[in-house]
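J.: This is the content of input.cif (mmCIF, C-alpha atoms):
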data_work
loop_
_atom_site.label_atom_id
_atom_site.label_comp_id
_atom_site.auth_asym_id
_atom_site.auth_seq_id
_atom_site.Cartn_x
_atom_site.Cartn_y
_atom_site.Cartn_z
CA MET A 1242 93.58 70.44 58.76
CA ILE A 1243 95.76 73.47 59.30
CA VAL A 1244 93.58 76.28 60.59
CA ALA A 1245 94.35 79.86 59.67
CA LYS A 1246 92.59 83.17 59.83
CA GLN A 1247 92.91 86.13 57.54
CA LYS A 1248 95.13 88.95 58.69
CA PRO A 1249 93.45 92.31 59.35
CA ILE A 1250 93.13 94.20 56.07
CA GLU A 1251 95.18 97.10 57.48
CA GLU A 1252 98.13 94.76 58.00
CA ILE A 1253 97.77 93.35 54.49
CA ILE A 1254 97.62 96.86 52.99
CA GLU A 1255 100.84 97.73 54.82
CA GLU A 1256 102.50 94.62 53.35
CA VAL A 1257 101.50 95.27 49.75
CA LYS A 1258 101.35 99.05 49.57
CA ASP A 1259 104.49 99.51 47.46
CA SER A 1260 103.54 96.89 44.93
CA LYS A 1261 102.52 97.84 41.37
CA LYS A 1262 101.51 94.40 40.19
CA LEU A 1263 100.37 91.95 42.80
CA LEU A 1264 99.26 88.34 42.62
CA ILE A 1265 96.94 87.08 45.33
CA LEU A 1266 97.48 83.36 45.49
CA GLY A 1267 94.98 81.13 47.24
CA CYS A 1268 95.26 77.49 48.24
CA ASN A 1269 92.57 74.90 47.65
CA GLU A 1270 93.28 72.79 50.71
CA CYS A 1271 93.05 73.52 54.46
CA VAL A 1272 92.68 77.30 54.17
CA THR A 1273 89.76 76.81 51.81
CA VAL A 1274 88.00 74.61 54.35
CA CYS A 1275 88.56 77.11 57.17
CA GLU A 1276 87.49 79.90 54.80
CA ALA A 1277 90.64 81.95 55.19
CA GLY A 1278 92.51 81.58 51.91
CA GLY A 1279 90.50 79.76 49.25
CA LYS A 1280 89.27 81.01 45.90
CA LYS A 1281 86.40 82.93 47.47
CA GLU A 1282 88.60 84.67 50.00
CA VAL A 1283 91.09 85.53 47.25
CA ALA A 1284 88.30 87.22 45.26
CA VAL A 1285 86.99 89.16 48.25
CA LEU A 1286 90.43 90.31 49.36
CA ALA A 1287 91.41 91.28 45.81
CA SER A 1288 88.24 93.32 45.45
CA ALA A 1289 88.75 95.03 48.82
CA LEU A 1290 92.38 95.88 48.02
CA ARG A 1291 91.50 97.18 44.55
CA MET A 1292 88.91 99.46 46.09
CA TYR A 1293 91.33 100.67 48.73
CA PHE A 1294 94.02 101.59 46.20
CA MET A 1295 91.53 103.05 43.69
CA ASN A 1296 90.19 105.20 46.48
CA LYS A 1297 93.74 106.34 47.26
CA GLY A 1298 94.30 107.07 43.57
CA GLN A 1299 97.17 104.57 43.57
CA GLU A 1300 97.75 102.51 40.43
CA ILE A 1301 98.03 98.80 41.16
CA THR A 1302 97.13 95.70 39.21
CA ILE A 1303 95.86 92.85 41.34
CA ASP A 1304 95.47 89.40 39.80
CA GLU A 1305 93.90 86.36 41.43
CA HIS A 1306 94.82 82.71 41.24
CA THR A 1307 94.27 79.68 43.43
CA LEU A 1308 96.44 76.59 43.36
CA GLU A 1309 95.42 73.08 44.33
CA ARG A 1310 98.11 73.19 47.02
CA GLN A 1311 101.00 75.45 47.87
CA CYS A 1312 102.95 72.78 49.72
CA ASP A 1313 103.80 70.62 46.69
CA HIS A 1314 106.27 71.24 43.89
CA GLU A 1315 103.98 70.14 41.11
CA TYR A 1316 101.26 72.68 41.89
CA LEU A 1317 103.66 75.53 42.54
CA GLU A 1318 105.25 74.86 39.16
CA GLU A 1319 101.95 75.78 37.47
CA ILE A 1320 102.67 79.48 37.92
CA ARG A 1321 106.33 79.44 36.92
CA GLY A 1322 105.52 80.74 33.46
CA ASN A 1323 103.84 83.94 34.55
CA ILE A 1324 105.07 84.74 38.03
CA ASP A 1325 107.89 87.01 36.84
CA GLN A 1326 105.46 89.76 35.88
CA TYR A 1327 104.55 90.34 39.53
CA ASP A 1328 106.57 92.41 41.95
CA ALA A 1329 105.01 90.60 44.92
CA VAL A 1330 102.79 87.64 45.72
CA LEU A 1331 100.33 87.72 48.59
CA SER A 1332 99.86 84.09 49.55
CA LEU A 1333 96.74 83.11 51.44
CA ALA A 1334 98.15 79.66 52.15
CA CYS A 1335 99.33 78.60 55.60
CA GLY A 1336 102.88 79.33 56.72
CA VAL A 1337 104.02 76.17 54.95
CA GLY A 1338 102.70 77.35 51.60
CA VAL A 1339 104.16 80.83 51.98
CA GLN A 1340 107.59 79.42 52.78
CA PHE A 1341 107.54 76.81 50.06
CA MET A 1342 106.60 79.50 47.55
CA ALA A 1343 109.40 81.70 48.85
CA GLU A 1344 111.92 78.87 48.49
CA LYS A 1345 110.84 78.18 44.95
CA TYR A 1346 110.51 81.75 43.72
CA PHE A 1347 113.53 83.18 45.43
CA ASN A 1348 113.60 86.61 43.79
CA ILE A 1349 109.97 87.60 44.37
CA PRO A 1350 108.65 88.72 47.76
CA ILE A 1351 106.04 86.24 48.99
CA LEU A 1352 103.88 87.90 51.63
CA PRO A 1353 101.54 86.16 54.07
CA GLY A 1354 97.85 87.07 53.96
CA VAL A 1355 96.76 84.79 56.80
CA ASP A 1356 97.90 84.00 60.30
CA THR A 1357 98.42 80.25 60.62
CA CYS A 1358 96.92 79.12 63.91
CA PHE A 1359 96.94 75.39 64.58
CA MET A 1360 96.01 71.89 63.47
CA GLY A 1361 92.36 71.51 64.29
CA ALA A 1362 88.87 70.46 63.40
CA THR A 1363 85.70 72.26 62.33
CA GLU A 1364 83.42 72.07 65.38
CA GLU A 1365 80.71 73.83 63.42
CA ARG A 1366 80.72 76.30 60.58
CA GLY A 1367 82.79 79.25 61.76
CA VAL A 1368 84.27 77.48 64.79
CA TRP A 1369 87.58 75.65 64.65
CA SER A 1370 89.52 74.27 67.57
CA GLU A 1371 92.89 72.72 68.16
CA ARG A 1372 93.33 68.95 68.28
CA CYS A 1373 96.98 68.18 67.51
CA GLN A 1374 100.36 69.79 68.07
CA GLY A 1375 102.38 67.39 65.97
CA CYS A 1376 104.54 66.25 68.90
CA GLY A 1377 105.88 63.41 66.77
CA LYS A 1378 104.98 60.59 69.20
CA CYS A 1379 101.27 59.93 69.39
CA VAL A 1380 99.86 58.80 72.75
CA LEU A 1381 96.18 58.74 71.80
CA ALA A 1382 96.00 54.94 72.21
CA LYS A 1383 96.60 55.32 75.94
CA THR A 1384 94.50 58.41 76.55
CA GLY A 1385 91.11 57.45 75.21
CA GLY A 1386 91.67 59.20 71.90
CA ILE A 1387 92.00 62.60 73.53
CA CYS A 1388 95.34 64.31 73.38
CA PRO A 1389 96.90 65.57 76.60
CA VAL A 1390 99.49 67.53 74.62
CA SER A 1391 97.02 69.66 72.71
CA ARG A 1392 93.97 69.59 74.99
CA CYS A 1393 95.64 70.11 78.38
CA ALA A 1394 96.99 73.63 78.84
CA LYS A 1395 99.92 72.23 80.86
CA ARG A 1396 100.49 69.21 78.65
CA LEU A 1397 100.27 66.90 81.65
CA PHE A 1398 100.57 63.15 81.16
CA ASN A 1399 99.36 61.64 84.39
CA GLY A 1400 96.00 63.09 85.23
CA PRO A 1401 94.73 66.62 85.75
CA CYS A 1402 96.37 69.31 87.82
CA GLY A 1403 94.69 70.89 90.83
CA GLY A 1404 93.26 73.62 88.64
CA SER A 1405 90.61 71.42 87.05
CA THR A 1406 87.24 72.60 88.32
CA LYS A 1407 83.90 71.16 87.28
CA GLY A 1408 85.49 69.82 84.13
CA HIS A 1409 87.04 73.12 83.14
CA CYS A 1410 90.58 74.43 83.04
CA GLU A 1411 91.93 77.05 85.38
CA ILE A 1412 93.40 79.12 82.54
CA ASN A 1413 89.93 79.93 81.25
CA LYS A 1414 86.53 78.61 82.29
CA ASP A 1415 85.57 78.22 78.62
CA VAL A 1416 88.38 75.73 78.11
CA VAL A 1417 87.38 72.16 78.86
CA CYS A 1418 89.85 70.22 81.01
CA GLY A 1419 91.59 67.79 78.67
CA TRP A 1420 92.05 65.28 81.45
CA GLN A 1421 88.39 65.42 82.37
CA LEU A 1422 87.66 64.50 78.74
CA ILE A 1423 90.20 61.68 78.88
CA ILE A 1424 88.79 60.23 82.11
CA ASP A 1425 85.20 60.49 80.82
CA ARG A 1426 86.12 58.67 77.64
CA LEU A 1427 88.18 55.98 79.37
CA LYS A 1428 85.22 55.37 81.66
CA GLU A 1429 82.92 55.04 78.64
CA LEU A 1430 85.33 52.60 77.02
CA GLY A 1431 85.68 50.58 80.21
CA LYS A 1432 89.41 51.29 80.21
CA LEU A 1433 89.73 53.31 83.35
CA ASP A 1434 92.60 50.99 84.35
CA ASP A 1435 94.69 52.80 81.71
CA TYR A 1436 94.36 55.91 83.82
CA GLU A 1437 96.15 54.13 86.66
CA THR A 1438 99.15 53.27 84.51
CA LEU A 1439 101.91 55.80 84.92
CA ALA A 1440 102.97 57.39 81.67
CA PRO A 1441 106.76 57.44 81.30
CA ILE A 1442 108.57 60.74 80.81
CA LYS A 1443 107.79 61.89 77.30
CA ASP A 1444 110.58 62.13 74.77
CA TRP A 1445 110.19 65.69 73.56
CA SER A 1446 113.02 65.39 71.06
CA THR A 1447 110.46 64.47 68.41
CA GLU A 1448 108.66 67.74 69.07
CA ARG A 1449 110.04 71.21 68.32
CA ALA A 1450 112.62 70.82 71.10
CA GLY A 1451 114.69 68.79 68.66
CA GLY A 1452 114.77 71.62 66.11
CA PRO A 1453 113.08 71.67 62.69
CA ARG A 1454 111.83 68.19 61.87
CA LYS A 1455 111.86 66.03 58.82
CA VAL A 1456 110.29 62.76 57.72
CA VAL A 1457 112.28 60.72 55.22
CA ARG A 1458 110.81 57.63 53.57
CA GLU A 1459 113.46 55.95 51.51
CA ASP A 1460 110.96 53.47 50.09
CA LEU A 1461 109.13 56.33 48.44
CA GLN A 1462 112.10 58.30 47.25
CA ALA A 1463 112.97 58.30 43.57
CA MET B 761 49.23 99.85 42.74
CA ARG B 762 51.33 101.93 40.30
CA LEU B 763 53.71 103.09 43.02
CA GLN B 764 56.53 105.46 42.22
CA TYR B 765 60.09 104.83 43.36
CA PRO B 766 63.39 106.43 42.33
CA GLU B 767 64.47 105.51 38.80
CA ASN B 768 68.18 105.32 39.60
CA ILE B 769 67.84 101.90 41.20
CA ARG B 770 68.92 98.87 39.22
CA ILE B 771 67.17 95.73 40.34
CA VAL B 772 69.04 92.44 40.27
CA SER B 773 66.60 89.59 40.75
CA ILE B 774 67.70 86.52 42.66
CA PRO B 775 65.69 83.52 43.81
CA CYS B 776 66.50 84.10 47.49
CA THR B 777 68.71 86.63 49.29
CA GLY B 778 70.68 83.62 50.52
CA LYS B 779 72.12 83.59 47.00
CA VAL B 780 73.81 86.96 47.55
CA ASP B 781 77.48 86.49 48.14
CA LEU B 782 79.91 88.94 49.66
CA ILE B 783 81.77 89.21 46.38
CA HIS B 784 78.59 90.25 44.51
CA ILE B 785 78.20 93.25 46.81
CA LEU B 786 81.89 94.19 46.68
CA ARG B 787 82.09 93.89 42.88
CA ALA B 788 79.18 96.32 42.56
CA PHE B 789 81.16 98.93 44.47
CA GLU B 790 84.35 98.12 42.62
CA LYS B 791 82.50 98.86 39.40
CA GLY B 792 81.22 102.16 40.73
CA ALA B 793 77.87 101.57 42.43
CA ASP B 794 77.11 104.30 44.97
CA GLY B 795 75.08 102.04 47.22
CA VAL B 796 73.74 98.51 47.40
CA TYR B 797 70.80 97.26 49.36
CA VAL B 798 69.48 93.77 49.69
CA VAL B 799 65.76 93.26 50.15
CA GLY B 800 64.86 89.91 51.61
CA CYS B 801 61.80 88.27 53.09
CA LEU B 802 60.91 88.89 56.70
CA GLU B 803 63.20 87.22 59.19
CA GLY B 804 61.75 83.93 60.31
CA GLU B 805 59.77 83.57 57.10
CA CYS B 806 62.43 82.39 54.70
CA ARG B 807 61.18 79.62 52.45
CA TYR B 808 64.69 78.18 52.60
CA ILE B 809 64.84 78.67 56.38
CA ARG B 810 68.02 80.72 56.72
CA GLY B 811 68.52 82.48 53.38
CA ASN B 812 67.73 86.00 54.56
CA LEU B 813 69.66 85.53 57.80
CA ARG B 814 72.71 84.48 55.81
CA ALA B 815 72.25 87.51 53.58
CA ARG B 816 72.18 89.78 56.61
CA LYS B 817 75.49 88.40 57.84
CA ARG B 818 77.04 88.90 54.42
CA VAL B 819 75.73 92.45 54.27
CA GLU B 820 77.30 93.08 57.68
CA LYS B 821 80.60 91.64 56.48
CA ALA B 822 80.44 93.84 53.38
CA GLN B 823 79.81 96.85 55.61
CA ALA B 824 82.92 96.05 57.65
CA ILE B 825 85.10 95.59 54.56
CA LEU B 826 83.85 98.76 52.86
CA GLU B 827 84.46 100.69 56.05
CA SER B 828 88.02 99.40 56.31
CA VAL B 829 88.89 100.31 52.70
CA GLY B 830 87.48 103.81 52.97
CA ILE B 831 84.33 103.44 50.86
CA GLY B 832 82.00 103.60 53.85
CA GLY B 833 79.99 100.74 55.38
CA GLU B 834 76.75 102.72 55.46
CA ARG B 835 76.48 102.37 51.69
CA VAL B 836 75.25 98.80 52.10
CA GLN B 837 72.02 98.00 53.80
CA MET B 838 69.73 95.02 54.39
CA TYR B 839 65.96 95.43 54.32
CA ASN B 840 63.23 92.91 54.97
CA LEU B 841 59.64 92.84 53.78
CA SER B 842 56.90 90.46 52.84
CA SER B 843 56.43 89.87 49.12
CA SER B 844 53.02 91.56 49.18
CA GLU B 845 54.38 94.79 50.65
CA GLY B 846 54.77 96.88 47.50
CA PRO B 847 54.50 100.21 49.31
CA LYS B 848 57.30 99.18 51.65
CA PHE B 849 59.50 98.28 48.70
CA ALA B 850 58.97 101.78 47.28
CA GLU B 851 59.59 103.26 50.71
CA PHE B 852 62.93 101.41 51.08
CA ALA B 853 63.97 102.50 47.59
CA THR B 854 63.31 106.14 48.44
CA GLU B 855 64.96 105.89 51.85
CA MET B 856 68.10 104.28 50.44
CA THR B 857 68.31 106.71 47.51
CA GLU B 858 68.06 109.68 49.84
CA LYS B 859 70.66 108.21 52.18
CA ILE B 860 73.10 107.62 49.33
CA LYS B 861 72.47 111.05 47.86
CA GLY B 862 73.35 112.46 51.27
CA LEU B 863 76.61 110.45 51.31
CA GLY B 864 77.54 111.47 47.77
CA PRO B 865 78.93 109.32 44.97
CA ASN B 866 81.17 106.29 45.43
CA PRO B 867 84.62 107.79 46.19
CA ILE B 868 86.24 105.38 43.72
CA LYS B 869 84.26 106.92 40.91
CA LEU B 870 85.37 110.40 41.94
CA ASN B 871 89.01 109.32 41.98
CA LYS B 872 88.69 107.68 38.57
CA LYS B 873 87.28 110.90 37.15
CA LYS B 874 90.08 112.90 38.75
CA ALA B 875 92.67 110.59 37.21
CA ALA B 876 91.07 110.84 33.75
#
The structure given in the file should be rewritten as C-alpha cells.

T.:
Amino acid sequence: MIVAKQKPIEEIIEEVKDSKKLLILGCNECVTVCEAGGKKEVAVLASALRMYFMNKGQEITIDEHTLERQCDHEYLEEIRGNIDQYDAVLSLACGVGVQFMAEKYFNIPILPGVDTCFMGATEERGVWSERCQGCGKCVLAKTGGICPVSRCAKRLFNGPCGGSTKGHCEINKDVVCGWQLIIDRLKELGKLDDYETLAPIKDWSTERAGGPRKVVREDLQA
Amino acid sequence: MRLQYPENIRIVSIPCTGKVDLIHILRAFEKGADGVYVVGCLEGECRYIRGNLRARKRVEKAQAILESVGIGGERVQMYNLSSSEGPKFAEFATEMTEKIKGLGPNPIKLNKKKAA
C-alpha cells in the first residue's frame, strides 16, 4: 500500500486558515490502513480544526466525507454535486488522490493533509516500512524476493558494499543490510548460485529517470 | 459507603476503557466540556488484556491534539483504580474538578459566549 503520515496540525492550519467552508475528504484505501487519512482520521482532524478556529473566534464550516478511493474517476464523481459550496478541500488521500482531485475539480483548491511517504507494508500496528520503489522492472525473482532497489540504501545489484557490518547498513545501524537479507534468503532457498550470477546494468529508463510514467493497456481500453 | 463527590461530573458508562476512542474525547470538548477524565481498571488487570493501556494512549493523543489547538492538554486525564475502590473514585472526581476549576472553563465556550 501507499504509506502516508498526517501533516503536523500547525501546517494544516496554515493551509486552511483563510477558508470559510472547508471539506475534509478522506480515502478508504491505503491511507485508511496506515491510519493517516481514513474516516476516523477525517473525524479527528475535523474536530481538532473546529476547536482551533472556534477558540480563535473565527467562523468556519468544516464538513467531513470519505470516498472509497480518490484515484478513480467514478468515486471522485460522487461529490460533483456538492463540491461547489466549498472554498477549499483538504484531502487526506496520498499525493495521487490530491492530484487527481485537483485535475477533476480545477477551480477549487485541493490541499494535502498528509505527507505521502512510500510503498510499504505494515510490520506491526503503528510501524510501516518501505518495500518497493516502483522501478518498473522487477528483479525479485533473482534476489530471493528481497528488493535491492528499495532495501539497499545504495541500490546495489551485485552484492553488498563494504559498509555492511553485522548485517546492518552503514547509513544507520537500525537499517538492515538489504544484501544480507538477500544472501540469507538465497541460502535458505538453496539458490546461492544466483548470487554468483552478475546482474546486468539496470535499465533505469523505466524508473523516474525516464520522466513521468504511464501504463497503457489497449485490451482494457473502451 | 455513601461517598460524596462533585455533582458537576457527568458519567458516561462504557464496558471497558478500551472502548474510548480519540474522537469521543475530542467531541466532548468541541461541545463545550471543560475537562474529561477516563477511569479505567488498574494497569495489568484489564479483563480484555490491553483495554486500559489502549485508553491511556488515546488519552495521551487527545492531550497532544488539545494542546496544539489551544484548548490545553491538561484538561484530559487518565486514572486507574480497582472496581472496589469507591473512595478513590470520589477522590479522583474531586481532584479533577479542582484542577479544571483552576484552569477555568473551556476556552471555546468563552469565545462562543463572546460571539453571542

J.: Determine the nearest neighbour of Val1272 in chain A from the options A:Glu1319, A:Asp1304, A:Asp1356, A:Glu1252, counting only C-alpha atoms.

T.: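 Using only C-alpha atoms, Val1272 in chain A sits closest to A:Asp1356.
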
J.: Specify as an mmCIF file with C-alpha atoms, keeping the file's coordinate frame all residues of chain B found within 10 Å of chain A, counting all atoms listed in the file.

T.:
data_model
loop_
_atom_site.group_PDB
_atom_site.id
_atom_site.type_symbol
_atom_site.label_atom_id
_atom_site.label_comp_id
_atom_site.auth_asym_id
_atom_site.auth_seq_id
_atom_site.Cartn_x
_atom_site.Cartn_y
_atom_site.Cartn_z
ATOM 1 C CA ASP B 781 77.480 86.490 48.140
ATOM 2 C CA LEU B 782 79.910 88.940 49.660
ATOM 3 C CA ILE B 783 81.770 89.210 46.380
ATOM 4 C CA HIS B 784 78.590 90.250 44.510
ATOM 5 C CA ILE B 785 78.200 93.250 46.810
ATOM 6 C CA LEU B 786 81.890 94.190 46.680
ATOM 7 C CA ARG B 787 82.090 93.890 42.880
ATOM 8 C CA ALA B 788 79.180 96.320 42.560
ATOM 9 C CA PHE B 789 81.160 98.930 44.470
ATOM 10 C CA GLU B 790 84.350 98.120 42.620
ATOM 11 C CA LYS B 791 82.500 98.860 39.400
ATOM 12 C CA GLY B 792 81.220 102.160 40.730
ATOM 13 C CA ALA B 822 80.440 93.840 53.380
ATOM 14 C CA ILE B 825 85.100 95.590 54.560
ATOM 15 C CA LEU B 826 83.850 98.760 52.860
ATOM 16 C CA SER B 828 88.020 99.400 56.310
ATOM 17 C CA VAL B 829 88.890 100.310 52.700
ATOM 18 C CA GLY B 830 87.480 103.810 52.970
ATOM 19 C CA ILE B 831 84.330 103.440 50.860
ATOM 20 C CA ASN B 866 81.170 106.290 45.430
ATOM 21 C CA PRO B 867 84.620 107.790 46.190
ATOM 22 C CA ILE B 868 86.240 105.380 43.720
ATOM 23 C CA LYS B 869 84.260 106.920 40.910
ATOM 24 C CA LEU B 870 85.370 110.400 41.940
ATOM 25 C CA ASN B 871 89.010 109.320 41.980
ATOM 26 C CA LYS B 872 88.690 107.680 38.570
ATOM 27 C CA LYS B 874 90.080 112.900 38.750
ATOM 28 C CA ALA B 875 92.670 110.590 37.210
#

J.: To verify the selection step, state as number ranges by chain which residues the PyMOL selection byres ((chain A and resi 1388) around 12) yields on this input.

T.: A: 1361, 1371-1376, 1378-1387, 1389-1398, 1400, 1418-1424, 1426

J.: Any chance you could export the current selection's C-alpha atoms as a JSON list (two decimals), in the frame of the given file?

T.:
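File written: selection_1.json
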[["chain", "number", "residue", "atom", "x", "y", "z"],
["A", 1361, "GLY", "CA", 92.36, 71.51, 64.29],
["A", 1371, "GLU", "CA", 92.89, 72.72, 68.16],
["A", 1372, "ARG", "CA", 93.33, 68.95, 68.28],
["A", 1373, "CYS", "CA", 96.98, 68.18, 67.51],
["A", 1374, "GLN", "CA", 100.36, 69.79, 68.07],
["A", 1375, "GLY", "CA", 102.38, 67.39, 65.97],
["A", 1376, "CYS", "CA", 104.54, 66.25, 68.90],
["A", 1378, "LYS", "CA", 104.98, 60.59, 69.20],
["A", 1379, "CYS", "CA", 101.27, 59.93, 69.39],
["A", 1380, "VAL", "CA", 99.86, 58.80, 72.75],
["A", 1381, "LEU", "CA", 96.18, 58.74, 71.80],
["A", 1382, "ALA", "CA", 96.00, 54.94, 72.21],
["A", 1383, "LYS", "CA", 96.60, 55.32, 75.94],
["A", 1384, "THR", "CA", 94.50, 58.41, 76.55],
["A", 1385, "GLY", "CA", 91.11, 57.45, 75.21],
["A", 1386, "GLY", "CA", 91.67, 59.20, 71.90],
["A", 1387, "ILE", "CA", 92.00, 62.60, 73.53],
["A", 1389, "PRO", "CA", 96.90, 65.57, 76.60],
["A", 1390, "VAL", "CA", 99.49, 67.53, 74.62],
["A", 1391, "SER", "CA", 97.02, 69.66, 72.71],
["A", 1392, "ARG", "CA", 93.97, 69.59, 74.99],
["A", 1393, "CYS", "CA", 95.64, 70.11, 78.38],
["A", 1394, "ALA", "CA", 96.99, 73.63, 78.84],
["A", 1395, "LYS", "CA", 99.92, 72.23, 80.86],
["A", 1396, "ARG", "CA", 100.49, 69.21, 78.65],
["A", 1397, "LEU", "CA", 100.27, 66.90, 81.65],
["A", 1398, "PHE", "CA", 100.57, 63.15, 81.16],
["A", 1400, "GLY", "CA", 96.00, 63.09, 85.23],
["A", 1418, "CYS", "CA", 89.85, 70.22, 81.01],
["A", 1419, "GLY", "CA", 91.59, 67.79, 78.67],
["A", 1420, "TRP", "CA", 92.05, 65.28, 81.45],
["A", 1421, "GLN", "CA", 88.39, 65.42, 82.37],
["A", 1422, "LEU", "CA", 87.66, 64.50, 78.74],
["A", 1423, "ILE", "CA", 90.20, 61.68, 78.88],
["A", 1424, "ILE", "CA", 88.79, 60.23, 82.11],
["A", 1426, "ARG", "CA", 86.12, 58.67, 77.64]]

J.: Write out as a list in words the residues lying within 6 Å of Gly833 in chain B, counting all atoms listed in the file and excluding same-chain residues fewer than 2 positions away.

T.: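 The filter keeps Gln823, Ala824, Leu826, Glu827 and Arg835 of chain B.
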
J.: Rank nothing, just name the residue among B:Tyr839, B:Tyr797, B:Tyr808, B:Phe852 nearest to Ile771 in chain B, using only C-alpha atoms.

T.: B:Tyr797

J.: Taking all atoms listed in the file into account, which of B:Arg762, B:Arg818, B:Arg770, B:Lys848 comes nearest Asp794 in chain B?

T.: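 Smallest distance to Asp794 in chain B is found for B:Arg770.
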
J.: Translate the PyMOL selection byres ((chain A and resi 1338) around 12) into a concrete residue list for this structure, as number ranges by chain.

T.: A: 1243, 1245, 1266-1272, 1278, 1307-1314, 1316-1317, 1330-1337, 1339-1346, 1351-1357

J.: Could you tell me how far CA of Glu1318 in chain A lies from CA of Lys1246 in chain A, in Å and to one decimal?

T.: 25.6 Å

J.: Taking 4 positions as the minimum chain separation for residues in the same chain, which residues sit within 10 Å of Thr854 in chain B when counting only C-alpha atoms? Answer as a ChimeraX atom specification.

T.: /B:764-767,769,848-850,858-860

J.: Report the distance between CA of Val1257 in chain A and CA of Asn1348 in chain A in Å, rounded to one decimal place.

T.: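 Atom-to-atom, CA of Val1257 in chain A and CA of Asn1348 in chain A are spaced 16.0 Å apart.
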
J.: Report as a list in words the full result of the PyMOL selection byres ((chain A and resi 1439-1451) around 6) when it is applied to this structure.

T.: Cys1376, Gly1377, Thr1438 and Gly1452 of chain A
